[in-house]
$ cat data.pdb   # PDB, C-alpha atoms
ATOM      1  CA  MET A   1       0.000   0.000   0.000
ATOM      2  CA  SER A   2       1.379   3.426  -0.913
ATOM      3  CA  ASP A   3       1.874   6.150   1.686
ATOM      4  CA  PRO A   4      -1.131   8.473   1.959
ATOM      5  CA  ALA A   5      -0.840  12.019   0.677
ATOM      6  CA  PRO A   6       0.011  14.426   3.512
ATOM      7  CA  VAL A   7      -2.540  17.050   4.470
ATOM      8  CA  LEU A   8      -1.522  20.501   3.282
ATOM      9  CA  PRO A   9      -1.010  23.173   5.972
ATOM     10  CA  GLU A  10      -3.690  25.445   4.500
ATOM     11  CA  THR A  11      -6.147  22.534   4.427
ATOM     12  CA  LEU A  12      -5.261  21.460   7.965
ATOM     13  CA  ALA A  13      -5.915  24.986   9.211
ATOM     14  CA  GLN A  14      -9.448  24.835   7.786
ATOM     15  CA  ILE A  15     -10.036  21.426   9.373
ATOM     16  CA  ARG A  16      -8.840  22.628  12.777
ATOM     17  CA  ALA A  17     -11.246  25.570  12.532
ATOM     18  CA  LEU A  18     -14.259  23.244  12.263
ATOM     19  CA  PRO A  19     -16.264  22.652  15.442
ATOM     20  CA  PRO A  20     -15.521  19.296  17.110
ATOM     21  CA  GLY A  21     -18.032  16.507  16.640
ATOM     22  CA  ASP A  22     -18.792  13.101  18.094
ATOM     23  CA  ARG A  23     -21.183  11.824  15.423
ATOM     24  CA  PRO A  24     -20.408   9.700  12.354
ATOM     25  CA  LEU A  25     -18.814  11.671   9.543
ATOM     26  CA  LEU A  26     -19.717  11.952   5.860
ATOM     27  CA  ILE A  27     -16.940  13.563   3.772
ATOM     28  CA  CYS A  28     -18.334  14.527   0.393
ATOM     29  CA  ASP A  29     -16.735  15.812  -2.805
ATOM     30  CA  VAL A  30     -18.486  18.542  -4.794
ATOM     31  CA  ASP A  31     -17.892  18.370  -8.568
ATOM     32  CA  GLU A  32     -19.767  15.530 -10.294
ATOM     33  CA  VAL A  33     -21.081  14.430  -6.884
ATOM     34  CA  VAL A  34     -23.365  17.221  -5.647
ATOM     35  CA  LEU A  35     -22.775  19.788  -8.415
ATOM     36  CA  GLN A  36     -22.846  19.016 -12.118
ATOM     37  CA  PHE A  37     -19.372  19.091 -13.644
ATOM     38  CA  ILE A  38     -19.015  16.925 -16.768
ATOM     39  CA  ALA A  39     -22.120  18.332 -18.469
ATOM     40  CA  HIS A  40     -21.048  21.928 -17.830
ATOM     41  CA  LEU A  41     -17.454  21.252 -18.856
ATOM     42  CA  GLU A  42     -18.650  19.637 -22.073
ATOM     43  CA  ALA A  43     -20.698  22.753 -22.879
ATOM     44  CA  HIS A  44     -17.637  24.898 -22.164
ATOM     45  CA  LEU A  45     -15.455  22.732 -24.400
ATOM     46  CA  GLU A  46     -17.869  23.265 -27.278
ATOM     47  CA  THR A  47     -17.502  27.030 -26.987
ATOM     48  CA  GLN A  48     -13.722  26.583 -27.237
ATOM     49  CA  GLY A  49     -13.837  24.284 -30.259
ATOM     50  CA  LEU A  50     -12.855  21.306 -28.104
ATOM     51  CA  ARG A  51     -14.338  17.901 -27.246
ATOM     52  CA  PHE A  52     -13.830  14.790 -25.161
ATOM     53  CA  LEU A  53     -12.040  12.045 -27.062
ATOM     54  CA  SER A  54     -13.797   9.331 -25.047
ATOM     55  CA  HIS A  55     -15.779   8.756 -21.882
ATOM     56  CA  ALA A  56     -12.706   7.417 -20.093
ATOM     57  CA  TYR A  57     -12.641   8.913 -16.617
ATOM     58  CA  LYS A  58      -9.761  11.312 -17.067
ATOM     59  CA  LEU A  59      -9.220  14.829 -18.384
ATOM     60  CA  THR A  60      -5.530  14.990 -19.286
ATOM     61  CA  GLY A  61      -5.111  13.075 -22.530
ATOM     62  CA  ASN A  62      -8.852  13.097 -23.178
ATOM     63  CA  ILE A  63      -9.555  16.625 -24.490
ATOM     64  CA  ALA A  64      -8.734  17.614 -28.067
ATOM     65  CA  PRO A  65      -9.719  20.109 -30.767
ATOM     66  CA  ARG A  66     -12.945  19.284 -32.577
ATOM     67  CA  ASP A  67     -11.118  18.498 -35.845
ATOM     68  CA  ASP A  68      -7.983  16.893 -34.384
ATOM     69  CA  ASP A  69      -7.395  13.750 -32.328
ATOM     70  CA  ALA A  70      -4.192  15.084 -30.726
ATOM     71  CA  PRO A  71      -4.998  15.678 -27.034
ATOM     72  CA  LEU A  72      -4.145  18.899 -25.242
ATOM     73  CA  ALA A  73      -1.049  18.863 -23.071
ATOM     74  CA  GLY A  74      -1.434  18.717 -19.305
ATOM     75  CA  ASP A  75      -0.620  22.409 -18.792
ATOM     76  CA  ALA A  76      -3.229  23.387 -21.371
ATOM     77  CA  VAL A  77      -5.850  21.235 -19.618
ATOM     78  CA  ARG A  78      -5.076  22.832 -16.252
ATOM     79  CA  CYS A  79      -5.417  26.301 -17.800
ATOM     80  CA  LEU A  80      -8.666  25.256 -19.450
ATOM     81  CA  LEU A  81     -10.080  24.042 -16.129
ATOM     82  CA  GLN A  82      -9.251  27.298 -14.387
ATOM     83  CA  THR A  83     -10.960  29.228 -17.171
ATOM     84  CA  PHE A  84     -13.944  26.892 -16.919
ATOM     85  CA  PHE A  85     -14.357  27.363 -13.169
ATOM     86  CA  ASP A  86     -13.937  31.117 -13.435
ATOM     87  CA  GLY A  87     -16.887  31.204 -15.806
ATOM     88  CA  TRP A  88     -19.073  28.403 -14.492
ATOM     89  CA  VAL A  89     -18.648  27.860 -10.752
ATOM     90  CA  HIS A  90     -21.322  30.411  -9.839
ATOM     91  CA  ARG A  91     -23.918  28.750 -12.096
ATOM     92  CA  GLN A  92     -23.300  25.035 -11.648
ATOM     93  CA  ASP A  93     -26.507  23.016 -11.354
ATOM     94  CA  ALA A  94     -27.062  20.590  -8.504
ATOM     95  CA  VAL A  95     -26.950  16.853  -9.117
ATOM     96  CA  PRO A  96     -30.572  15.625  -8.829
ATOM     97  CA  GLY A  97     -31.425  14.389  -5.355
ATOM     98  CA  ALA A  98     -28.171  15.481  -3.735
ATOM     99  CA  ALA A  99     -29.514  18.257  -1.510
ATOM    100  CA  ASP A 100     -32.471  16.273  -0.173
ATOM    101  CA  ALA A 101     -30.372  13.165   0.445
ATOM    102  CA  LEU A 102     -27.695  15.103   2.323
ATOM    103  CA  ASP A 103     -30.329  16.906   4.376
ATOM    104  CA  ARG A 104     -31.757  13.583   5.525
ATOM    105  CA  LEU A 105     -28.324  12.058   6.143
ATOM    106  CA  SER A 106     -27.330  15.098   8.208
ATOM    107  CA  ARG A 107     -29.803  13.987  10.873
ATOM    108  CA  HIS A 108     -27.496  11.053  11.612
ATOM    109  CA  ALA A 109     -24.005  12.280  10.656
ATOM    110  CA  ASP A 110     -21.914  15.404  10.364
ATOM    111  CA  ILE A 111     -21.315  16.357   6.723
ATOM    112  CA  VAL A 112     -18.237  18.158   5.409
ATOM    113  CA  PHE A 113     -17.539  19.030   1.785
ATOM    114  CA  LEU A 114     -13.926  18.373   0.751
ATOM    115  CA  THR A 115     -13.292  19.974  -2.625
ATOM    116  CA  ASN A 116     -10.135  20.488  -4.662
ATOM    117  CA  LEU A 117      -9.721  24.158  -5.520
ATOM    118  CA  PRO A 118      -6.060  24.924  -6.211
ATOM    119  CA  GLY A 119      -5.283  28.205  -4.503
ATOM    120  CA  SER A 120      -8.949  28.426  -3.428
ATOM    121  CA  TRP A 121      -9.404  31.068  -6.131
ATOM    122  CA  ASN A 122     -13.181  30.556  -6.404
ATOM    123  CA  ARG A 123     -13.901  29.458  -2.845
ATOM    124  CA  ASP A 124     -16.490  32.183  -2.160
ATOM    125  CA  ALA A 125     -18.372  31.468  -5.384
ATOM    126  CA  ARG A 126     -18.400  27.737  -4.618
ATOM    127  CA  ARG A 127     -19.688  28.390  -1.111
ATOM    128  CA  ALA A 128     -22.439  30.605  -2.511
ATOM    129  CA  VAL A 129     -23.660  28.088  -5.092
ATOM    130  CA  LEU A 130     -23.760  25.254  -2.538
ATOM    131  CA  ASP A 131     -25.813  27.450  -0.219
ATOM    132  CA  ARG A 132     -28.118  28.431  -3.072
ATOM    133  CA  HIS A 133     -28.820  24.772  -3.813
ATOM    134  CA  GLY A 134     -29.661  24.036  -0.175
ATOM    135  CA  MET A 135     -26.373  22.420   0.868
ATOM    136  CA  PRO A 136     -25.012  24.691   3.635
ATOM    137  CA  PHE A 137     -22.605  22.157   5.135
ATOM    138  CA  PRO A 138     -19.030  23.134   6.074
ATOM    139  CA  MET A 139     -16.565  23.188   3.167
ATOM    140  CA  VAL A 140     -12.834  22.493   3.219
ATOM    141  CA  THR A 141     -10.687  23.227   0.165
ATOM    142  CA  ASN A 142      -7.728  21.060  -0.779
ATOM    143  CA  THR A 143      -5.166  20.582  -3.532
ATOM    144  CA  GLY A 144      -4.101  17.157  -4.819
ATOM    145  CA  PRO A 145      -4.950  13.697  -3.406
ATOM    146  CA  LYS A 146      -7.317  13.912  -0.463
ATOM    147  CA  GLY A 147      -6.095  11.094   1.789
ATOM    148  CA  GLY A 148      -4.332  13.284   4.325
ATOM    149  CA  ALA A 149      -7.319  15.594   4.610
ATOM    150  CA  VAL A 150      -9.687  12.635   5.047
ATOM    151  CA  ALA A 151      -7.530  11.234   7.870
ATOM    152  CA  ALA A 152      -7.352  14.642   9.565
ATOM    153  CA  LEU A 153     -11.121  15.129   9.341
ATOM    154  CA  ALA A 154     -11.713  11.652  10.764
ATOM    155  CA  ALA A 155      -9.259  12.005  13.660
ATOM    156  CA  ARG A 156     -10.849  11.382  17.058
ATOM    157  CA  ARG A 157     -14.199  10.587  15.468
ATOM    158  CA  PRO A 158     -16.044   7.534  16.790
ATOM    159  CA  GLY A 159     -16.913   6.374  13.252
ATOM    160  CA  PRO A 160     -18.145   5.312  10.884
ATOM    161  CA  VAL A 161     -16.531   7.627   8.310
ATOM    162  CA  VAL A 162     -17.907   7.666   4.754
ATOM    163  CA  PHE A 163     -15.978   9.266   1.880
ATOM    164  CA  ILE A 164     -17.772  10.098  -1.397
ATOM    165  CA  ASP A 165     -15.795  11.164  -4.462
ATOM    166  CA  ASP A 166     -15.748  10.662  -8.211
ATOM    167  CA  SER A 167     -11.958  10.602  -8.627
ATOM    168  CA  PRO A 168     -10.063   7.280  -8.572
ATOM    169  CA  THR A 169      -6.995   9.179  -7.335
ATOM    170  CA  ASN A 170      -8.845  10.617  -4.356
ATOM    171  CA  ILE A 171     -10.564   7.350  -3.521
ATOM    172  CA  THR A 172      -7.334   5.345  -3.510
ATOM    173  CA  SER A 173      -5.675   8.105  -1.492
ATOM    174  CA  ALA A 174      -8.435   7.947   1.126
ATOM    175  CA  ARG A 175      -8.201   4.147   1.181
ATOM    176  CA  SER A 176      -4.478   4.406   1.924
ATOM    177  CA  ALA A 177      -4.951   7.027   4.621
ATOM    178  CA  LEU A 178      -7.857   5.511   6.550
ATOM    179  CA  ASP A 179      -8.354   1.750   6.566
ATOM    180  CA  ALA A 180     -11.818   1.898   8.114
ATOM    181  CA  CYS A 181     -13.176   4.473   5.673
ATOM    182  CA  VAL A 182     -16.319   3.467   3.770
ATOM    183  CA  LEU A 183     -15.681   4.425   0.139
ATOM    184  CA  VAL A 184     -18.402   5.508  -2.282
ATOM    185  CA  GLN A 185     -17.552   6.399  -5.870
ATOM    186  CA  PHE A 186     -20.220   8.722  -7.258
ATOM    187  CA  ILE A 187     -20.162   9.821 -10.914
ATOM    188  CA  ALA A 188     -23.287  11.711 -11.936
ATOM    189  CA  ASP A 189     -22.739  11.531 -15.721
ATOM    190  CA  ARG A 190     -23.953   8.089 -16.768
ATOM    191  CA  ARG A 191     -21.622   7.858 -19.790
ATOM    192  CA  PHE A 192     -18.523   8.402 -17.686
ATOM    193  CA  PHE A 193     -19.969   6.287 -14.872
ATOM    194  CA  ALA A 194     -20.359   3.336 -17.244
ATOM    195  CA  ALA A 195     -16.802   3.719 -18.552
ATOM    196  CA  ALA A 196     -15.137   4.053 -15.128
ATOM    197  CA  ASP A 197     -13.104   1.040 -14.036
ATOM    198  CA  ALA A 198     -13.856  -0.680 -10.752
ATOM    199  CA  ILE A 199     -11.609   0.426  -7.878
ATOM    200  CA  GLU A 200     -10.404  -2.045  -5.288
ATOM    201  CA  GLY A 201     -11.943  -1.391  -1.896
ATOM    202  CA  VAL A 202     -14.890   0.695  -3.094
ATOM    203  CA  HIS A 203     -18.045  -0.303  -1.237
ATOM    204  CA  LEU A 204     -20.510   1.335  -3.632
ATOM    205  CA  LYS A 205     -20.208   2.758  -7.139
ATOM    206  CA  THR A 206     -23.246   4.757  -8.214
ATOM    207  CA  HIS A 207     -24.637   7.686 -10.194
ATOM    208  CA  ASP A 208     -27.860   7.904  -8.185
ATOM    209  CA  TRP A 209     -28.380   9.726  -4.892
ATOM    210  CA  ALA A 210     -31.337   7.554  -3.884
ATOM    211  CA  GLN A 211     -29.085   4.492  -4.044
ATOM    212  CA  ALA A 212     -26.257   6.317  -2.280
ATOM    213  CA  GLU A 213     -28.547   7.517   0.500
ATOM    214  CA  THR A 214     -29.978   4.038   1.091
ATOM    215  CA  TYR A 215     -26.517   2.494   1.351
ATOM    216  CA  ILE A 216     -25.039   5.239   3.546
ATOM    217  CA  SER A 217     -28.057   5.142   5.858
ATOM    218  CA  LYS A 218     -27.413   1.437   6.453
ATOM    219  CA  VAL A 219     -23.747   2.155   7.173
ATOM    220  CA  LEU A 220     -24.644   4.863   9.681
ATOM    221  CA  SER A 221     -27.163   2.667  11.473
ATOM    222  CA  ALA A 222     -24.942  -0.432  11.637
TER     223      ALA A 222
END
$ encode --input "data.pdb" --output "structure tokens"
Amino acid sequence: MSDPAPVLPETLAQIRALPPGDRPLLICDVDEVVLQFIAHLEAHLETQGLRFLSHAYKLTGNIAPRDDDAPLAGDAVRCLLQTFFDGWVHRQDAVPGAADALDRLSRHADIVFLTNLPGSWNRDARRAVLDRHGMPFPMVTNTGPKGGAVAALAARRPGPVVFIDDSPTNITSARSALDACVLVQFIADRRFFAAADAIEGVHLKTHDWAQAETYISKVLSA
């Protein structure tokens, strides 16, 4: 098993600022889990004359000009994503069922959003759109694999701890950092969900919040 990613100082400071809790913990990603991401990014790509090459669950190596199969380089993809978030973060739609499911789950567990926002450049806009969609739960921003942040959030908690994310990198990082973590891979876009490979240790892979809520409720009541 690889060493878990360390928690970044700026992320740890946010975690330490959260009020202590003694209930089970649900750590939830944002993009493609509670807010639409793939559908909005695809619309943005069209305005730039770009497209996905496939429904493989990756971005680098999978975005190319409309009339060319040569994928954009990694630096170009990172620049594209920053431009996308600058223009879209304030108007992202909610994933159907997410807000209601989290509201019900919050009766039995503390919920924290853990979202990757390099430099936290659109943190306030992200906070505002989550609130607007009825998801006012605490939010921690991170950069890179999330394992260290997951372990820090779970420290001194009685358990269980559930981690929901779409990214294979973040899920395997959480698995390495916290053995007892219940892992849920959630990918809202059904095309990318169908193409995503199974990940060792994942307890549930889904694109549906009704299914996710049913499973997590059983975990919390066990």
$ residues_around --input "data.pdb" --residues "region 70-73 of chain A" --least-positions-apart "6" --cutoff "12 Å" --atoms "all atoms listed in the file" --output "list in words"
Leu45, Leu50, Arg51, Phe52, Leu53, Ser54, Lys58, Leu59, Thr60, Gly61, Asn62, Ile63, Ala64, Cys79 and Leu80 of chain A
$ closest_residue --input "data.pdb" --among "A:Val89, A:Ala154, A:Val202, A:Ile216" --to "Val30 (chain A)" --atoms "all atoms listed in the file"
A:Val89
$ residues_around --input "data.pdb" --residues "region 188-201 of chain A" --least-positions-apart "2" --cutoff "9 Å" --atoms "all atoms listed in the file" --output "ChimeraX atom specification"
/A:32-39,54-57,95-96,166,168,171-172,175,182-183,185-186,203,205-209
$ resolve_selection --input "data.pdb" --expression "the PyMOL selection byres ((chain A and resi 134) around 12)" --output "PyMOL selection string"
chain A and resi 34-35+93-95+97-103+127-133+135-137
$ write_last_selection --input "data.pdb" --atoms "C-alpha atoms" --output "JSON list (two decimals), keeping the file's coordinate frame"
[["chain", "number", "residue", "atom", "x", "y", "z"],
["A", 34, "VAL", "CA", -23.36, 17.22, -5.65],
["A", 35, "LEU", "CA", -22.78, 19.79, -8.41],
["A", 93, "ASP", "CA", -26.51, 23.02, -11.35],
["A", 94, "ALA", "CA", -27.06, 20.59, -8.50],
["A", 95, "VAL", "CA", -26.95, 16.85, -9.12],
["A", 97, "GLY", "CA", -31.42, 14.39, -5.36],
["A", 98, "ALA", "CA", -28.17, 15.48, -3.74],
["A", 99, "ALA", "CA", -29.51, 18.26, -1.51],
["A", 100, "ASP", "CA", -32.47, 16.27, -0.17],
["A", 101, "ALA", "CA", -30.37, 13.16, 0.44],
["A", 102, "LEU", "CA", -27.70, 15.10, 2.32],
["A", 103, "ASP", "CA", -30.33, 16.91, 4.38],
["A", 127, "ARG", "CA", -19.69, 28.39, -1.11],
["A", 128, "ALA", "CA", -22.44, 30.60, -2.51],
["A", 129, "VAL", "CA", -23.66, 28.09, -5.09],
["A", 130, "LEU", "CA", -23.76, 25.25, -2.54],
["A", 131, "ASP", "CA", -25.81, 27.45, -0.22],
["A", 132, "ARG", "CA", -28.12, 28.43, -3.07],
["A", 133, "HIS", "CA", -28.82, 24.77, -3.81],
["A", 135, "MET", "CA", -26.37, 22.42, 0.87],
["A", 136, "PRO", "CA", -25.01, 24.69, 3.64],
["A", 137, "PHE", "CA", -22.60, 22.16, 5.14]]
$ residues_around --input "data.pdb" --residues "region 148-150 of chain A" --least-positions-apart "5" --cutoff "12 Å" --atoms "only C-alpha atoms" --output "number ranges by chain"
A: 3-16, 25-29, 112-116, 140-143, 155, 157, 161-165, 170-183
$ atom_distance --input "data.pdb" --atom1 "CA of Ile111 (chain A)" --atom2 "CA of Phe84 (chain A)"
26.9 Å
$ atom_distance --input "data.pdb" --atom1 "CA of Val219 (chain A)" --atom2 "CA of Ala17 (chain A)"
27.1 Å
$ atom_distance --input "data.pdb" --atom1 "CA of Trp121 (chain A)" --atom2 "CA of Thr83 (chain A)"
11.3 Å
$ axis_aligned_box --input "data.pdb" --around "region 127-133 of chain A" --padding-each-side "4 Å" --output "AutoDock Vina command-line options"
--center_x -24.3 --center_y 27.7 --center_z -2.7 --size_x 17.1 --size_y 13.8 --size_z 12.9
$ closest_residue --input "data.pdb" --among "A:Ala43, A:Leu220, A:Ile187, A:Val77" --to "Leu204 (chain A)" --atoms "all atoms listed in the file"
A:Ile187
$ closest_residue --input "data.pdb" --among "A:His90, A:Leu153, A:Ala109, A:Pro138" --to "Ala125 (chain A)" --atoms "only C-alpha atoms"
A:His90
$ closest_residue --input "data.pdb" --among "A:Thr214, A:Gln92, A:His44, A:Ser106" --to "Pro24 (chain A)" --atoms "only C-alpha atoms"
A:Ser106
$ closest_residue --input "data.pdb" --among "A:Asp75, A:Glu213, A:Asp124, A:Asp110" --to "Arg23 (chain A)" --atoms "only C-alpha atoms"
A:Asp110
$ decode --input "data.pdb" --residues "region 53-64 of chain A" --atoms "all heavy atoms" --output "CSV table (one decimal), in the first residue's frame"
chain,number,residue,atom,x,y,z
A,53,LEU,N,-12.4,13.1,-26.1
A,53,LEU,CA,-12.0,12.0,-27.1
A,53,LEU,C,-12.8,10.8,-26.7
A,53,LEU,O,-13.1,10.0,-27.6
A,53,LEU,CB,-10.5,11.8,-27.0
A,53,LEU,CG,-9.6,12.9,-27.7
A,53,LEU,CD1,-8.2,12.6,-27.3
A,53,LEU,CD2,-9.9,12.9,-29.2
A,54,SER,N,-13.1,10.5,-25.5
A,54,SER,CA,-13.8,9.3,-25.0
A,54,SER,C,-14.5,9.6,-23.7
A,54,SER,O,-14.4,10.7,-23.2
A,54,SER,CB,-12.8,8.2,-24.9
A,54,SER,OG,-12.0,8.4,-23.7
A,55,HIS,N,-15.2,8.6,-23.2
A,55,HIS,CA,-15.8,8.8,-21.9
A,55,HIS,C,-14.9,8.1,-20.8
A,55,HIS,O,-15.4,7.9,-19.7
A,55,HIS,CB,-17.2,8.1,-21.9
A,55,HIS,CG,-18.1,8.8,-22.8
A,55,HIS,ND1,-19.1,8.2,-23.6
A,55,HIS,CD2,-18.3,10.1,-23.1
A,55,HIS,CE1,-19.8,9.0,-24.3
A,55,HIS,NE2,-19.3,10.2,-24.0
A,56,ALA,N,-13.6,7.9,-21.1
A,56,ALA,CA,-12.7,7.4,-20.1
A,56,ALA,C,-12.6,8.4,-19.0
A,56,ALA,O,-12.6,9.7,-19.2
A,56,ALA,CB,-11.3,7.2,-20.7
A,57,TYR,N,-12.5,8.0,-17.7
A,57,TYR,CA,-12.6,8.9,-16.6
A,57,TYR,C,-11.3,9.6,-16.3
A,57,TYR,O,-10.6,9.3,-15.3
A,57,TYR,CB,-13.2,8.2,-15.4
A,57,TYR,CG,-14.0,9.3,-14.6
A,57,TYR,CD1,-15.2,9.8,-15.0
A,57,TYR,CD2,-13.5,9.7,-13.3
A,57,TYR,CE1,-15.9,10.8,-14.4
A,57,TYR,CE2,-14.2,10.7,-12.6
A,57,TYR,CZ,-15.4,11.2,-13.2
A,57,TYR,OH,-16.1,12.2,-12.5
A,58,LYS,N,-11.0,10.5,-17.2
A,58,LYS,CA,-9.8,11.3,-17.1
A,58,LYS,C,-10.0,12.6,-17.9
A,58,LYS,O,-10.8,12.6,-18.8
A,58,LYS,CB,-8.5,10.5,-17.5
A,58,LYS,CG,-8.5,10.2,-19.0
A,58,LYS,CD,-7.3,9.4,-19.4
A,58,LYS,CE,-7.3,9.1,-20.9
A,58,LYS,NZ,-6.1,8.4,-21.3
A,59,LEU,N,-9.2,13.6,-17.6
A,59,LEU,CA,-9.2,14.8,-18.4
A,59,LEU,C,-7.9,15.0,-19.2
A,59,LEU,O,-8.0,15.2,-20.4
A,59,LEU,CB,-9.4,16.0,-17.5
A,59,LEU,CG,-10.7,16.1,-16.7
A,59,LEU,CD1,-10.8,17.3,-15.8
A,59,LEU,CD2,-11.9,16.1,-17.7
A,60,THR,N,-6.8,14.9,-18.5
A,60,THR,CA,-5.5,15.0,-19.3
A,60,THR,C,-5.4,13.8,-20.3
A,60,THR,O,-5.6,12.7,-19.9
A,60,THR,CB,-4.3,15.0,-18.3
A,60,THR,OG1,-4.4,16.1,-17.4
A,60,THR,CG2,-3.0,15.1,-19.1
A,61,GLY,N,-5.2,14.1,-21.5
A,61,GLY,CA,-5.1,13.1,-22.5
A,61,GLY,C,-6.5,12.7,-23.1
A,61,GLY,O,-6.5,11.9,-24.0
A,62,ASN,N,-7.5,13.4,-22.7
A,62,ASN,CA,-8.9,13.1,-23.2
A,62,ASN,C,-9.6,14.3,-23.7
A,62,ASN,O,-10.8,14.2,-24.0
A,62,ASN,CB,-9.7,12.5,-22.0
A,62,ASN,CG,-10.9,11.7,-22.5
A,62,ASN,OD1,-10.9,11.2,-23.6
A,62,ASN,ND2,-11.9,11.6,-21.7
A,63,ILE,N,-8.9,15.4,-23.9
A,63,ILE,CA,-9.6,16.6,-24.5
A,63,ILE,C,-8.7,17.1,-25.7
A,63,ILE,O,-7.5,17.2,-25.6
A,63,ILE,CB,-9.6,17.8,-23.5
A,63,ILE,CG1,-10.5,17.4,-22.3
A,63,ILE,CG2,-10.1,19.0,-24.1
A,63,ILE,CD1,-10.5,18.4,-21.2
A,64,ALA,N,-9.4,17.3,-26.8
A,64,ALA,CA,-8.7,17.6,-28.1
A,64,ALA,C,-9.6,18.6,-28.9
A,64,ALA,O,-10.8,18.7,-28.6
A,64,ALA,CB,-8.5,16.3,-28.9
